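Asker: The following file, query_6.cif, comprises mmCIF, C-alpha atoms:
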data_model
#
loop_
_atom_site.label_atom_id
_atom_site.label_comp_id
_atom_site.auth_asym_id
_atom_site.auth_seq_id
_atom_site.Cartn_x
_atom_site.Cartn_y
_atom_site.Cartn_z
CA MET A 1 -13.91 -28.37 -15.28
CA SER A 2 -12.70 -29.90 -18.56
CA MET A 3 -9.48 -28.97 -20.29
CA ALA A 4 -11.45 -27.12 -22.96
CA GLY A 5 -13.23 -25.15 -20.26
CA ASN A 6 -9.91 -24.19 -18.69
CA LEU A 7 -8.59 -23.03 -22.04
CA ARG A 8 -11.72 -20.96 -22.61
CA LYS A 9 -11.28 -19.41 -19.17
CA VAL A 10 -7.66 -18.47 -19.83
CA GLY A 11 -8.60 -17.08 -23.23
CA SER A 12 -11.34 -14.95 -21.71
CA LEU A 13 -8.95 -13.66 -19.03
CA ARG A 14 -6.42 -12.72 -21.69
CA LYS A 15 -9.13 -10.94 -23.66
CA VAL A 16 -10.45 -9.06 -20.63
CA GLY A 17 -6.97 -8.02 -19.53
CA GLY A 18 -6.15 -6.77 -23.02
CA LEU A 19 -9.40 -4.85 -23.31
CA ARG A 20 -8.83 -3.22 -19.92
CA ARG A 21 -5.34 -2.09 -20.95
CA VAL A 22 -6.69 -0.63 -24.21
CA ALA A 23 -9.44 1.17 -22.31
CA ARG A 24 -6.90 2.44 -19.79
CA LEU A 25 -4.77 3.98 -22.52
CA ALA A 26 -7.82 5.44 -24.23
CA ARG A 27 -9.15 7.23 -21.17
CA ARG A 28 -5.80 8.62 -20.05
CA GLN A 29 -5.76 12.35 -20.67
CA PRO A 30 -3.03 14.85 -19.93
CA ARG A 31 -3.80 16.95 -16.90
CA VAL A 32 -3.53 20.71 -17.04
CA ASP A 33 -1.36 22.22 -14.36
CA LEU A 34 -2.32 25.83 -13.71
CA SER A 35 0.48 26.48 -11.26
CA HIS A 36 2.62 29.54 -11.92
CA PRO A 37 5.70 31.13 -10.35
CA ALA A 38 5.52 32.61 -6.87
CA ARG A 39 3.89 36.01 -6.41
CA SER A 40 5.26 36.54 -2.92
CA PRO A 41 8.73 36.76 -1.37
CA LEU A 42 8.28 33.43 0.43
CA GLY A 43 10.42 31.46 -1.97
CA SER A 44 10.03 28.62 -4.47
CA ALA A 45 7.63 26.68 -2.24
CA VAL A 46 4.79 29.01 -3.26
CA VAL A 47 2.95 27.54 -6.24
CA ASN A 48 -0.04 29.85 -6.37
CA CYS A 49 -1.57 32.75 -4.45
CA VAL A 50 -4.97 33.81 -5.79
CA THR A 51 -7.86 35.87 -4.45
CA TYR A 52 -11.45 34.82 -5.18
CA ILE A 53 -14.45 37.08 -4.70
CA ASP A 54 -17.97 35.85 -5.47
CA GLY A 55 -16.47 32.76 -7.04
CA ARG A 56 -14.35 34.65 -9.54
CA ARG A 57 -10.61 35.03 -9.70
CA GLU A 58 -9.32 38.52 -9.05
CA ALA A 59 -6.99 39.90 -11.70
CA GLY A 60 -3.67 41.47 -10.93
CA ASP A 61 -0.46 40.39 -9.25
CA HIS A 62 -0.51 40.83 -5.46
CA ASP A 63 1.72 39.29 -2.85
CA LEU A 64 0.27 37.24 -0.01
CA ARG A 65 -0.01 40.03 2.57
CA GLU A 66 -1.65 42.38 0.08
CA ALA A 67 -4.16 39.69 -0.94
CA VAL A 68 -5.09 38.96 2.69
CA ARG A 69 -5.38 42.66 3.49
CA ARG A 70 -7.80 43.23 0.60
CA VAL A 71 -9.98 40.25 1.50
CA ARG A 72 -10.22 41.14 5.18
CA LYS A 73 -10.86 44.78 4.44
CA SER A 74 -13.75 44.03 2.09
CA GLU A 75 -14.94 41.03 4.18
CA GLU A 76 -15.65 39.22 0.95
CA GLY A 77 -14.01 36.30 -0.78
CA PHE A 78 -10.98 34.33 0.30
CA VAL A 79 -7.32 33.70 -0.52
CA TRP A 80 -6.08 30.37 -1.85
CA LEU A 81 -2.37 29.85 -1.22
CA GLY A 82 -0.71 26.78 -2.68
CA LEU A 83 2.62 25.46 -1.34
CA HIS A 84 4.76 22.52 -2.38
CA GLU A 85 7.03 20.88 0.19
CA PRO A 86 7.80 24.08 2.13
CA THR A 87 10.56 24.28 4.71
CA GLU A 88 10.02 25.57 8.24
CA SER A 89 11.43 28.97 7.33
CA GLU A 90 9.26 29.24 4.21
CA ILE A 91 6.04 28.49 6.06
CA ALA A 92 6.84 30.53 9.18
CA GLU A 93 5.54 33.80 7.72
CA VAL A 94 2.38 32.06 6.50
CA ALA A 95 1.77 30.56 9.93
CA GLU A 96 2.17 33.96 11.57
CA LEU A 97 -0.09 35.72 9.07
CA PHE A 98 -2.96 33.22 9.40
CA ASP A 99 -2.37 32.31 13.07
CA LEU A 100 -1.88 28.60 12.33
CA HIS A 101 -1.38 26.19 15.19
CA PRO A 102 2.26 25.10 15.63
CA LEU A 103 1.34 21.39 15.74
CA ALA A 104 -0.52 21.63 12.44
CA VAL A 105 2.35 23.59 10.90
CA GLU A 106 4.82 20.93 12.04
CA ASP A 107 2.68 18.20 10.45
CA ALA A 108 2.45 20.19 7.22
CA VAL A 109 6.22 20.57 6.98
CA HIS A 110 7.34 17.06 7.89
CA ALA A 111 4.49 15.15 6.19
CA HIS A 112 4.12 11.34 6.52
CA GLN A 113 0.90 11.85 8.45
CA ARG A 114 -2.15 9.65 8.81
CA PRO A 115 -5.27 10.96 6.99
CA LYS A 116 -7.19 13.08 9.48
CA VAL A 117 -9.23 16.22 10.15
CA GLU A 118 -8.38 18.33 13.20
CA ARG A 119 -9.85 21.55 14.55
CA TYR A 120 -7.66 24.32 15.90
CA GLY A 121 -9.94 27.13 17.02
CA GLN A 122 -11.76 28.38 13.93
CA THR A 123 -9.30 26.68 11.56
CA LEU A 124 -9.60 23.17 10.15
CA PHE A 125 -6.53 21.13 9.30
CA ALA A 126 -7.07 18.16 6.96
CA VAL A 127 -4.53 15.58 5.79
CA LEU A 128 -5.26 13.60 2.62
CA LYS A 129 -3.13 10.87 1.06
CA THR A 130 -2.78 11.12 -2.69
CA VAL A 131 -2.07 8.11 -4.90
CA CYS A 132 -0.74 7.72 -8.41
CA TYR A 133 -0.49 4.64 -10.63
CA VAL A 134 3.06 3.96 -11.82
CA GLU A 135 3.10 2.77 -15.41
CA HIS A 136 4.98 -0.47 -16.16
CA THR A 137 4.97 -3.12 -18.86
CA GLN A 138 4.76 -6.11 -16.52
CA VAL A 139 4.43 -6.70 -12.81
CA THR A 140 7.64 -8.09 -11.32
CA ALA A 141 8.76 -8.86 -7.78
CA THR A 142 10.18 -5.32 -7.53
CA SER A 143 7.69 -3.31 -9.58
CA GLU A 144 6.38 -0.07 -8.11
CA VAL A 145 2.64 0.00 -8.80
CA VAL A 146 1.39 2.78 -6.52
CA ASP A 147 3.13 6.02 -5.57
CA THR A 148 1.72 8.02 -2.66
CA GLY A 149 1.93 11.63 -1.59
CA GLU A 150 0.11 13.99 0.75
CA ILE A 151 -1.99 17.12 0.65
CA MET A 152 -2.48 19.17 3.81
CA VAL A 153 -5.28 21.73 3.78
CA PHE A 154 -5.77 24.62 6.20
CA VAL A 155 -9.31 26.01 5.99
CA GLY A 156 -10.37 29.26 7.62
CA SER A 157 -13.19 31.71 7.10
CA ASP A 158 -11.27 33.70 4.49
CA PHE A 159 -8.40 31.50 3.39
CA VAL A 160 -7.38 28.09 2.10
CA ILE A 161 -3.77 26.93 2.34
CA THR A 162 -2.80 23.75 0.52
CA VAL A 163 0.54 22.07 1.20
CA ARG A 164 1.44 19.33 -1.23
CA HIS A 165 4.10 16.64 -0.77
CA GLY A 166 5.13 14.19 -3.47
CA ARG A 167 5.81 14.09 -7.18
CA HIS A 168 2.15 14.00 -8.19
CA GLY A 169 -1.24 15.25 -7.02
CA SER A 170 -1.13 18.65 -8.73
CA LEU A 171 -4.09 20.80 -7.73
CA GLY A 172 -4.15 22.56 -11.08
CA PRO A 173 -7.07 20.46 -12.40
CA VAL A 174 -9.00 21.07 -9.16
CA ARG A 175 -8.49 24.81 -9.45
CA GLU A 176 -9.46 24.71 -13.12
CA GLY A 177 -12.69 22.85 -12.34
CA LEU A 178 -13.66 25.24 -9.56
CA GLU A 179 -12.94 28.34 -11.62
CA ALA A 180 -15.22 26.90 -14.31
CA ASP A 181 -18.03 26.75 -11.70
CA PRO A 182 -18.14 30.17 -9.99
CA GLU A 183 -21.38 29.34 -8.20
CA GLN A 184 -19.73 26.47 -6.36
CA LEU A 185 -16.53 28.42 -5.73
CA ALA A 186 -18.57 31.28 -4.24
CA LYS A 187 -19.54 28.99 -1.35
CA GLY A 188 -16.15 29.68 0.17
CA PRO A 189 -13.07 27.81 1.37
CA ALA A 190 -15.11 24.72 2.29
CA ALA A 191 -15.95 24.28 -1.40
CA VAL A 192 -12.22 24.12 -2.14
CA LEU A 193 -11.72 21.49 0.57
CA HIS A 194 -14.56 19.44 -0.90
CA ALA A 195 -13.17 19.70 -4.43
CA ILE A 196 -9.73 18.56 -3.24
CA ALA A 197 -11.17 15.63 -1.27
CA ASP A 198 -13.39 14.66 -4.19
CA GLY A 199 -10.45 14.73 -6.60
CA VAL A 200 -8.29 12.65 -4.27
CA VAL A 201 -11.00 10.00 -3.84
CA ASP A 202 -11.66 9.91 -7.59
CA ASP A 203 -7.94 9.21 -8.06
CA TYR A 204 -8.33 6.26 -5.68
CA LEU A 205 -10.98 4.76 -7.95
CA THR A 206 -8.89 5.42 -11.06
CA VAL A 207 -5.83 3.73 -9.55
CA LEU A 208 -7.97 0.77 -8.48
CA ASP A 209 -9.15 0.33 -12.08
CA GLU A 210 -5.52 0.26 -13.20
CA PHE A 211 -4.67 -2.11 -10.35
CA GLN A 212 -7.34 -4.54 -11.50
CA ALA A 213 -5.62 -4.89 -14.88
CA ASP A 214 -2.41 -5.95 -13.09
CA ILE A 215 -4.31 -8.49 -11.00
CA ASP A 216 -5.93 -9.90 -14.17
CA GLU A 217 -2.48 -10.22 -15.75
CA VAL A 218 -1.09 -12.18 -12.80
CA GLU A 219 -4.25 -14.30 -12.58
CA GLU A 220 -3.95 -15.17 -16.24
CA ALA A 221 -0.31 -16.21 -15.78
CA VAL A 222 -1.09 -18.36 -12.71
CA PHE A 223 -3.91 -20.25 -14.43
CA ALA A 224 -1.98 -20.76 -17.66
CA GLN A 225 -0.50 -24.12 -18.59
CA ASN A 226 2.82 -23.45 -16.81
CA GLY A 227 1.27 -21.53 -13.93
CA ALA A 228 3.38 -23.35 -11.35
CA LYS A 229 6.48 -21.63 -12.76
CA VAL A 230 5.14 -18.12 -12.11
CA ASP A 231 7.28 -16.11 -9.70
CA PRO A 232 5.24 -15.79 -6.47
CA GLY A 233 7.09 -12.53 -5.82
CA ARG A 234 4.79 -10.90 -8.38
CA ILE A 235 1.76 -11.73 -6.26
CA TYR A 236 3.44 -10.61 -3.04
CA GLN A 237 4.44 -7.34 -4.71
CA LEU A 238 0.84 -6.64 -5.67
CA LYS A 239 -0.21 -7.36 -2.09
CA ARG A 240 2.42 -4.94 -0.77
CA GLU A 241 1.33 -2.22 -3.16
CA LEU A 242 -2.32 -2.86 -2.30
CA LEU A 243 -1.44 -2.49 1.38
CA GLU A 244 0.11 0.90 0.65
CA LEU A 245 -3.07 1.92 -1.13
CA LYS A 246 -5.14 0.64 1.78
CA ARG A 247 -3.19 2.83 4.21
CA ALA A 248 -4.16 5.84 2.15
CA VAL A 249 -7.84 5.01 1.65
CA VAL A 250 -9.20 3.31 4.76
CA PRO A 251 -8.10 5.83 7.45
CA LEU A 252 -9.77 8.63 5.49
CA SER A 253 -13.27 7.22 6.08
CA ARG A 254 -13.77 8.68 9.55
CA PRO A 255 -12.48 12.20 8.73
CA VAL A 256 -14.78 12.41 5.70
CA LEU A 257 -17.74 11.26 7.82
CA GLU A 258 -16.93 14.03 10.30
CA LEU A 259 -16.88 16.57 7.49
CA ALA A 260 -20.22 15.22 6.25
CA GLY A 261 -22.11 15.15 9.55
CA ARG A 262 -20.33 16.95 12.36
CA PRO A 263 -20.74 20.73 12.84
CA LEU A 264 -17.36 22.25 12.02
CA PRO A 265 -16.14 25.82 11.55
CA ALA A 266 -15.78 27.03 7.97
CA VAL A 267 -17.88 24.07 6.69
CA PRO A 268 -21.50 25.17 6.16
CA PRO A 269 -24.30 22.56 6.06
CA GLU A 270 -24.76 23.01 2.31
CA ILE A 271 -21.17 21.81 1.76
CA GLN A 272 -21.57 18.87 4.16
CA ALA A 273 -24.05 17.32 1.73
CA TYR A 274 -21.28 17.20 -0.87
CA PHE A 275 -18.98 15.41 1.57
CA ARG A 276 -21.59 12.65 1.93
CA ASP A 277 -21.13 11.93 -1.77
CA VAL A 278 -17.35 11.79 -1.25
CA SER A 279 -17.93 9.38 1.63
CA ASP A 280 -19.94 7.07 -0.64
CA HIS A 281 -17.14 7.01 -3.22
CA LEU A 282 -14.58 6.38 -0.49
CA LEU A 283 -16.60 3.45 0.82
CA ARG A 284 -16.68 1.99 -2.66
CA ALA A 285 -12.90 2.29 -2.91
CA ALA A 286 -12.41 0.63 0.49
CA GLU A 287 -14.70 -2.26 -0.49
CA GLN A 288 -12.84 -2.70 -3.76
CA ILE A 289 -9.52 -2.85 -1.92
CA ALA A 290 -10.88 -5.54 0.41
CA ALA A 291 -12.13 -7.53 -2.61
CA PHE A 292 -8.75 -7.24 -4.35
CA ASP A 293 -6.99 -8.43 -1.20
CA GLU A 294 -9.21 -11.51 -1.03
CA LEU A 295 -8.68 -12.17 -4.73
CA LEU A 296 -4.89 -11.96 -4.39
CA ASN A 297 -5.04 -14.35 -1.44
CA SER A 298 -7.02 -16.80 -3.57
CA ILE A 299 -4.56 -16.44 -6.47
CA LEU A 300 -1.64 -17.05 -4.13
CA GLN A 301 -3.28 -20.13 -2.63
CA ALA A 302 -4.07 -21.46 -6.10
CA HIS A 303 -0.44 -20.91 -7.15
CA LEU A 304 0.85 -22.74 -4.07
CA ALA A 305 -1.57 -25.59 -4.79
CA GLN A 306 -0.26 -25.77 -8.36
CA VAL A 307 3.32 -25.90 -7.10
CA THR A 308 2.38 -28.71 -4.70
CA VAL A 309 0.65 -30.66 -7.47
CA ALA A 310 3.66 -30.21 -9.78
CA GLN A 311 6.00 -31.42 -7.05
CA ASN A 312 3.80 -34.47 -6.43
CA GLU A 313 3.81 -35.29 -10.13
CA ASP A 314 7.60 -35.03 -10.23
CA MET A 315 7.91 -37.30 -7.20
CA ARG A 316 5.60 -39.88 -8.79
CA LYS A 317 7.69 -39.89 -11.96
CA ILE A 318 10.90 -40.25 -9.98
CA THR A 319 9.39 -43.09 -7.94
CA ALA A 320 8.13 -44.87 -11.07
CA TRP A 321 11.51 -44.73 -12.79
CA ALA A 322 13.21 -45.86 -9.60
CA ALA A 323 10.90 -48.88 -9.50
CA ILE A 324 11.70 -49.70 -13.14
CA VAL A 325 15.44 -49.40 -12.53
CA ALA A 326 15.07 -51.67 -9.47
CA VAL A 327 14.09 -54.64 -11.70
CA PRO A 328 17.42 -55.00 -13.59
CA THR A 329 19.27 -54.02 -10.42
CA MET A 330 17.70 -56.96 -8.58
CA GLY A 331 18.46 -59.43 -11.42
CA CYS A 332 22.04 -58.23 -11.81
CA GLY A 333 22.51 -58.31 -8.05
CA ILE A 334 21.40 -61.92 -7.80
CA TYR A 335 23.47 -63.21 -10.69
CA GLY A 336 26.43 -61.12 -9.64
CA MET A 337 26.94 -63.30 -6.56
CA ASN A 338 29.94 -65.65 -6.73
CA PHE A 339 28.35 -69.06 -6.10
CA ASP A 340 29.34 -72.22 -8.01
CA ASN A 341 25.93 -73.87 -7.98
CA MET A 342 23.53 -71.29 -9.48
CA PRO A 343 20.64 -72.21 -11.85
CA GLU A 344 21.46 -71.90 -15.54
CA LEU A 345 24.88 -70.45 -14.71
CA HIS A 346 26.68 -72.48 -17.41
CA TRP A 347 23.75 -72.76 -19.83
CA ARG A 348 24.44 -71.36 -23.30
CA TYR A 349 21.21 -69.36 -23.46
CA GLY A 350 21.13 -68.31 -19.83
CA TYR A 351 22.47 -64.79 -20.39
CA PRO A 352 20.14 -63.76 -23.25
CA LEU A 353 17.24 -65.35 -21.38
CA MET A 354 18.01 -63.32 -18.27
CA LEU A 355 18.22 -60.10 -20.30
CA SER A 356 14.89 -60.93 -21.94
CA VAL A 357 13.23 -61.56 -18.57
CA ILE A 358 14.61 -58.28 -17.18
CA ALA A 359 13.45 -56.33 -20.25
CA GLY A 360 10.01 -57.96 -20.08
CA LEU A 361 9.57 -57.16 -16.39
CA CYS A 362 10.69 -53.57 -16.98
CA LEU A 363 8.14 -53.22 -19.78
CA VAL A 364 5.36 -54.62 -17.58
CA VAL A 365 6.20 -52.24 -14.75
CA TYR A 366 6.44 -49.29 -17.17
CA ARG A 367 3.05 -50.01 -18.70
CA GLY A 368 1.53 -50.34 -15.23
CA PHE A 369 2.79 -46.93 -14.16
CA LYS A 370 1.78 -45.44 -17.53
CA ARG A 371 -1.73 -46.77 -17.21
CA ASN A 372 -2.12 -45.31 -13.70
CA GLY A 373 -0.86 -41.88 -14.77
CA TRP A 374 2.48 -41.95 -12.99
CA LEU A 375 4.43 -41.58 -16.25
#
How would this structure read if it were set down as structure tokens?
Answerer:
Amino acid sequence: MSMAGNLRKVGSLRKVGGLRRVARLARRQPRVDLSHPARSPLGSAVVNCVTYIDGRREAGDHDLREAVRRVRKSEEGFVWLGLHEPTESEIAEVAELFDLHPLAVEDAVHAHQRPKVERYGQTLFAVLKTVCYVEHTQVTATSEVVDTGEIMVFVGSDFVITVRHGRHGSLGPVREGLEADPEQLAKGPAAVLHAIADGVVDDYLTVLDEFQADIDEVEEAVFAQNGAKVDPGRIYQLKRELLELKRAVVPLSRPVLELAGRPLPAVPPEIQAYFRDVSDHLLRAAEQIAAFDELLNSILQAHLAQVTVAQNEDMRKITAWAAIVAVPTMGCGIYGMNFDNMPELHWRYGYPLMLSVIAGLCLVVYRGFKRNGWL
């Protein structure tokens, strides 16, 4: 490709990267967090405790036990309890009330779990990894690009318990969207699980769009005129952050497929169709991660090739100047020997002639290296 073509390519990359950043800022909207103070004596870990009947939120302030008693007495609706980083003592009463399995409770408290879906009797326990894009002005060797958290979901016939870990991933927008669609919310706790999974996977795609802008920025820097001077730590940092994103996305594929096709308690067939849509979006995210990984590998290889080429050019220049310096060194070395009978040793014009010959030879050698591109 010609030099003009390379410049056009860099210009287009700069334009695309700038447009993506403008679009990213334009589409960013503040999220509404509908969480409110605890309504039960369980402590600050309780974010929300709401009863839903026929897809509509029940009015009034009731503690957790009262809400469960009303739902089970009427055999209609369900309770949605939201927790944030509960301790063992804070979740103990919840586990006893809903008969949660001790292993699932332990996972919910300690977090750092692999995405999964497990069945304990008539209760489902799902673990989802949440991701959040960390804003920054420029990618450096120590930039944090992706922040991860976790959402654990207990799903029963008349309850949903969400346990959130991390500084992001608020379920307020999910609750708001479901309450705006009572028909969907009336389908029960499985509809809540689907909405949470769908929101988590949509966040994957949003973060990947942001991630692409960072890759474009690094790619532009690598293929610029001084691309060999780019810090390779920036590329490695993007690969590390992409690996963290991959650990959140890829393991979730099998659990979502199980929710979409395997008969499970508390997940009716009509909800399984919705999980197939989530599975499609998740597959798209996984494919995009694989493509980004290949692209970063190519950028890294191109950068290493540029460094090698720059080093070779430096070595050629050093070699050329060493060859030029060798010419006067050789002449001075010969005439620096202490012999009595040397040609033109006592001639009046011998010294200026020798300097002229040395300068002429140096000029010839310089022009030869210049013509061959070594200087």
Asker: Care to translate the PyMOL selection byres ((chain A and resi 359) around 12) into actual residues of this file, as number ranges by chain?
Answerer: A: 324-329, 331, 352-358, 360-366
Asker: Go ahead and dump the residues you just picked, C-alpha atoms, as a PDB file, in the coordinates of the input.
Answerer:
ATOM      1  CA  ILE A 324      11.700 -49.700 -13.140  1.00  0.00           C
ATOM      2  CA  VAL A 325      15.440 -49.400 -12.530  1.00  0.00           C
ATOM      3  CA  ALA A 326      15.070 -51.670  -9.470  1.00  0.00           C
ATOM      4  CA  VAL A 327      14.090 -54.640 -11.700  1.00  0.00           C
ATOM      5  CA  PRO A 328      17.420 -55.000 -13.590  1.00  0.00           C
ATOM      6  CA  THR A 329      19.270 -54.020 -10.420  1.00  0.00           C
ATOM      7  CA  GLY A 331      18.460 -59.430 -11.420  1.00  0.00           C
ATOM      8  CA  PRO A 352      20.140 -63.760 -23.250  1.00  0.00           C
ATOM      9  CA  LEU A 353      17.240 -65.350 -21.380  1.00  0.00           C
ATOM     10  CA  MET A 354      18.010 -63.320 -18.270  1.00  0.00           C
ATOM     11  CA  LEU A 355      18.220 -60.100 -20.300  1.00  0.00           C
ATOM     12  CA  SER A 356      14.890 -60.930 -21.940  1.00  0.00           C
ATOM     13  CA  VAL A 357      13.230 -61.560 -18.570  1.00  0.00           C
ATOM     14  CA  ILE A 358      14.610 -58.280 -17.180  1.00  0.00           C
ATOM     15  CA  GLY A 360      10.010 -57.960 -20.080  1.00  0.00           C
ATOM     16  CA  LEU A 361       9.570 -57.160 -16.390  1.00  0.00           C
ATOM     17  CA  CYS A 362      10.690 -53.570 -16.980  1.00  0.00           C
ATOM     18  CA  LEU A 363       8.140 -53.220 -19.780  1.00  0.00           C
ATOM     19  CA  VAL A 364       5.360 -54.620 -17.580  1.00  0.00           C
ATOM     20  CA  VAL A 365       6.200 -52.240 -14.750  1.00  0.00           C
ATOM     21  CA  TYR A 366       6.440 -49.290 -17.170  1.00  0.00           C
TER      22      TYR A 366
END
Asker: On this structure, which residues satisfy the PyMOL selection byres ((chain A and resi 296) around 8), written as a PyMOL selection string?
Answerer: chain A and resi 215+235+238-239+292-295+297-300
Asker: With distances taken over all atoms listed in the file, which of A:Leu264, A:Thr148, A:Tyr236, A:Ala291 is nearest to Gly121 of chain A?
Answerer: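 Of all the options, A:Leu264 lies closest to Gly121 of chain A.
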Asker: My list of candidates is A:Arg56, A:Arg70, A:Arg247, A:Lys229. Which is closest to Gly149 of chain A when distances are computed with only C-alpha atoms?
Answerer: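 That would be A:Arg247, the residue with the smallest distance to Gly149 of chain A.
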Asker: Between A:Ala221, A:Val146, A:Val94, A:Ile53, which one has atoms that come closest to Glu75 of chain A, using all atoms listed in the file?
Answerer: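 Among the listed residues, A:Ile53 lies closest to Glu75 of chain A.
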Asker: Which neighbours of Val200 of chain A fall inside 12 Å, counting all atoms listed in the file, when residues of the same chain fewer than 2 positions from it are skipped, and could you give them as an MDAnalysis selection string?
Answerer: chainID A and resid 115 127:132 148:152 168:171 173:174 193:198 202:207 248:249 252 256 278:279 281:282 285
Asker: Those residues you just picked out, can you put them in a file as a tab-separated table (two decimals), in the coordinates of the input with C-alpha atoms?
Answerer:
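And here is the file that came out, result-v1.tsv:
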chain	number	residue	atom	x	y	z
A	115	PRO	CA	-5.27	10.96	6.99
A	127	VAL	CA	-4.53	15.58	5.79
A	128	LEU	CA	-5.26	13.60	2.62
A	129	LYS	CA	-3.13	10.87	1.06
A	130	THR	CA	-2.78	11.12	-2.69
A	131	VAL	CA	-2.07	8.11	-4.90
A	132	CYS	CA	-0.74	7.72	-8.41
A	148	THR	CA	1.72	8.02	-2.66
A	149	GLY	CA	1.93	11.63	-1.59
A	150	GLU	CA	0.11	13.99	0.75
A	151	ILE	CA	-1.99	17.12	0.65
A	152	MET	CA	-2.48	19.17	3.81
A	168	HIS	CA	2.15	14.00	-8.19
A	169	GLY	CA	-1.24	15.25	-7.02
A	170	SER	CA	-1.13	18.65	-8.73
A	171	LEU	CA	-4.09	20.80	-7.73
A	173	PRO	CA	-7.07	20.46	-12.40
A	174	VAL	CA	-9.00	21.07	-9.16
A	193	LEU	CA	-11.72	21.49	0.57
A	194	HIS	CA	-14.56	19.44	-0.90
A	195	ALA	CA	-13.17	19.70	-4.43
A	196	ILE	CA	-9.73	18.56	-3.24
A	197	ALA	CA	-11.17	15.63	-1.27
A	198	ASP	CA	-13.39	14.66	-4.19
A	202	ASP	CA	-11.66	9.91	-7.59
A	203	ASP	CA	-7.94	9.21	-8.06
A	204	TYR	CA	-8.33	6.26	-5.68
A	205	LEU	CA	-10.98	4.76	-7.95
A	206	THR	CA	-8.89	5.42	-11.06
A	207	VAL	CA	-5.83	3.73	-9.55
A	248	ALA	CA	-4.16	5.84	2.15
A	249	VAL	CA	-7.84	5.01	1.65
A	252	LEU	CA	-9.77	8.63	5.49
A	256	VAL	CA	-14.78	12.41	5.70
A	278	VAL	CA	-17.35	11.79	-1.25
A	279	SER	CA	-17.93	9.38	1.63
A	281	HIS	CA	-17.14	7.01	-3.22
A	282	LEU	CA	-14.58	6.38	-0.49
A	285	ALA	CA	-12.90	2.29	-2.91
Asker: Find, counting all atoms listed in the file, the residue in A:Arg57, A:Glu144, A:Arg119, A:His303 that gets nearest to Gln225 of chain A.
Answerer: A:His303
Asker: Since the input has fewer atoms than a full residue there, write segment 232-236 of chain A out with all heavy atoms, as a PDB file, in the frame of the given file.
Answerer:
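Output file rebuild.pdb is given in full below:
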ATOM      1  N   PRO A 232       6.199 -16.254  -7.489  1.00  0.00           N
ATOM      2  CA  PRO A 232       5.240 -15.790  -6.470  1.00  0.00           C
ATOM      3  C   PRO A 232       5.546 -14.386  -5.968  1.00  0.00           C
ATOM      4  O   PRO A 232       4.684 -13.741  -5.375  1.00  0.00           O
ATOM      5  CB  PRO A 232       5.385 -16.830  -5.351  1.00  0.00           C
ATOM      6  CG  PRO A 232       6.751 -17.420  -5.542  1.00  0.00           C
ATOM      7  CD  PRO A 232       6.984 -17.402  -7.020  1.00  0.00           C
ATOM      8  N   GLY A 233       6.757 -13.892  -6.214  1.00  0.00           N
ATOM      9  CA  GLY A 233       7.090 -12.530  -5.820  1.00  0.00           C
ATOM     10  C   GLY A 233       6.205 -11.507  -6.507  1.00  0.00           C
ATOM     11  O   GLY A 233       5.960 -10.422  -5.959  1.00  0.00           O
ATOM     12  N   ARG A 234       5.694 -11.820  -7.696  1.00  0.00           N
ATOM     13  CA  ARG A 234       4.790 -10.900  -8.380  1.00  0.00           C
ATOM     14  C   ARG A 234       3.501 -10.717  -7.600  1.00  0.00           C
ATOM     15  O   ARG A 234       2.967  -9.603  -7.491  1.00  0.00           O
ATOM     16  CB  ARG A 234       4.481 -11.423  -9.794  1.00  0.00           C
ATOM     17  CG  ARG A 234       5.703 -11.558 -10.694  1.00  0.00           C
ATOM     18  CD  ARG A 234       5.346 -12.233 -12.013  1.00  0.00           C
ATOM     19  NE  ARG A 234       4.376 -11.456 -12.763  1.00  0.00           N
ATOM     20  CZ  ARG A 234       3.812 -11.877 -13.891  1.00  0.00           C
ATOM     21  NH1 ARG A 234       4.129 -13.076 -14.391  1.00  0.00           N
ATOM     22  NH2 ARG A 234       2.930 -11.118 -14.514  1.00  0.00           N
ATOM     23  N   ILE A 235       3.001 -11.815  -7.035  1.00  0.00           N
ATOM     24  CA  ILE A 235       1.760 -11.730  -6.260  1.00  0.00           C
ATOM     25  C   ILE A 235       2.009 -10.991  -4.959  1.00  0.00           C
ATOM     26  O   ILE A 235       1.203 -10.138  -4.550  1.00  0.00           O
ATOM     27  CB  ILE A 235       1.220 -13.158  -5.992  1.00  0.00           C
ATOM     28  CG1 ILE A 235       1.078 -13.936  -7.306  1.00  0.00           C
ATOM     29  CG2 ILE A 235      -0.124 -13.086  -5.268  1.00  0.00           C
ATOM     30  CD1 ILE A 235       0.671 -15.378  -7.125  1.00  0.00           C
ATOM     31  N   TYR A 236       3.111 -11.296  -4.290  1.00  0.00           N
ATOM     32  CA  TYR A 236       3.440 -10.610  -3.040  1.00  0.00           C
ATOM     33  C   TYR A 236       3.643  -9.105  -3.282  1.00  0.00           C
ATOM     34  O   TYR A 236       3.274  -8.282  -2.433  1.00  0.00           O
ATOM     35  CB  TYR A 236       4.699 -11.202  -2.418  1.00  0.00           C
ATOM     36  CG  TYR A 236       4.453 -12.476  -1.651  1.00  0.00           C
ATOM     37  CD1 TYR A 236       4.934 -13.692  -2.109  1.00  0.00           C
ATOM     38  CD2 TYR A 236       3.734 -12.478  -0.455  1.00  0.00           C
ATOM     39  CE1 TYR A 236       4.711 -14.879  -1.411  1.00  0.00           C
ATOM     40  CE2 TYR A 236       3.506 -13.644   0.244  1.00  0.00           C
ATOM     41  CZ  TYR A 236       3.994 -14.841  -0.230  1.00  0.00           C
ATOM     42  OH  TYR A 236       3.768 -15.995   0.465  1.00  0.00           O
TER      43      TYR A 236
END
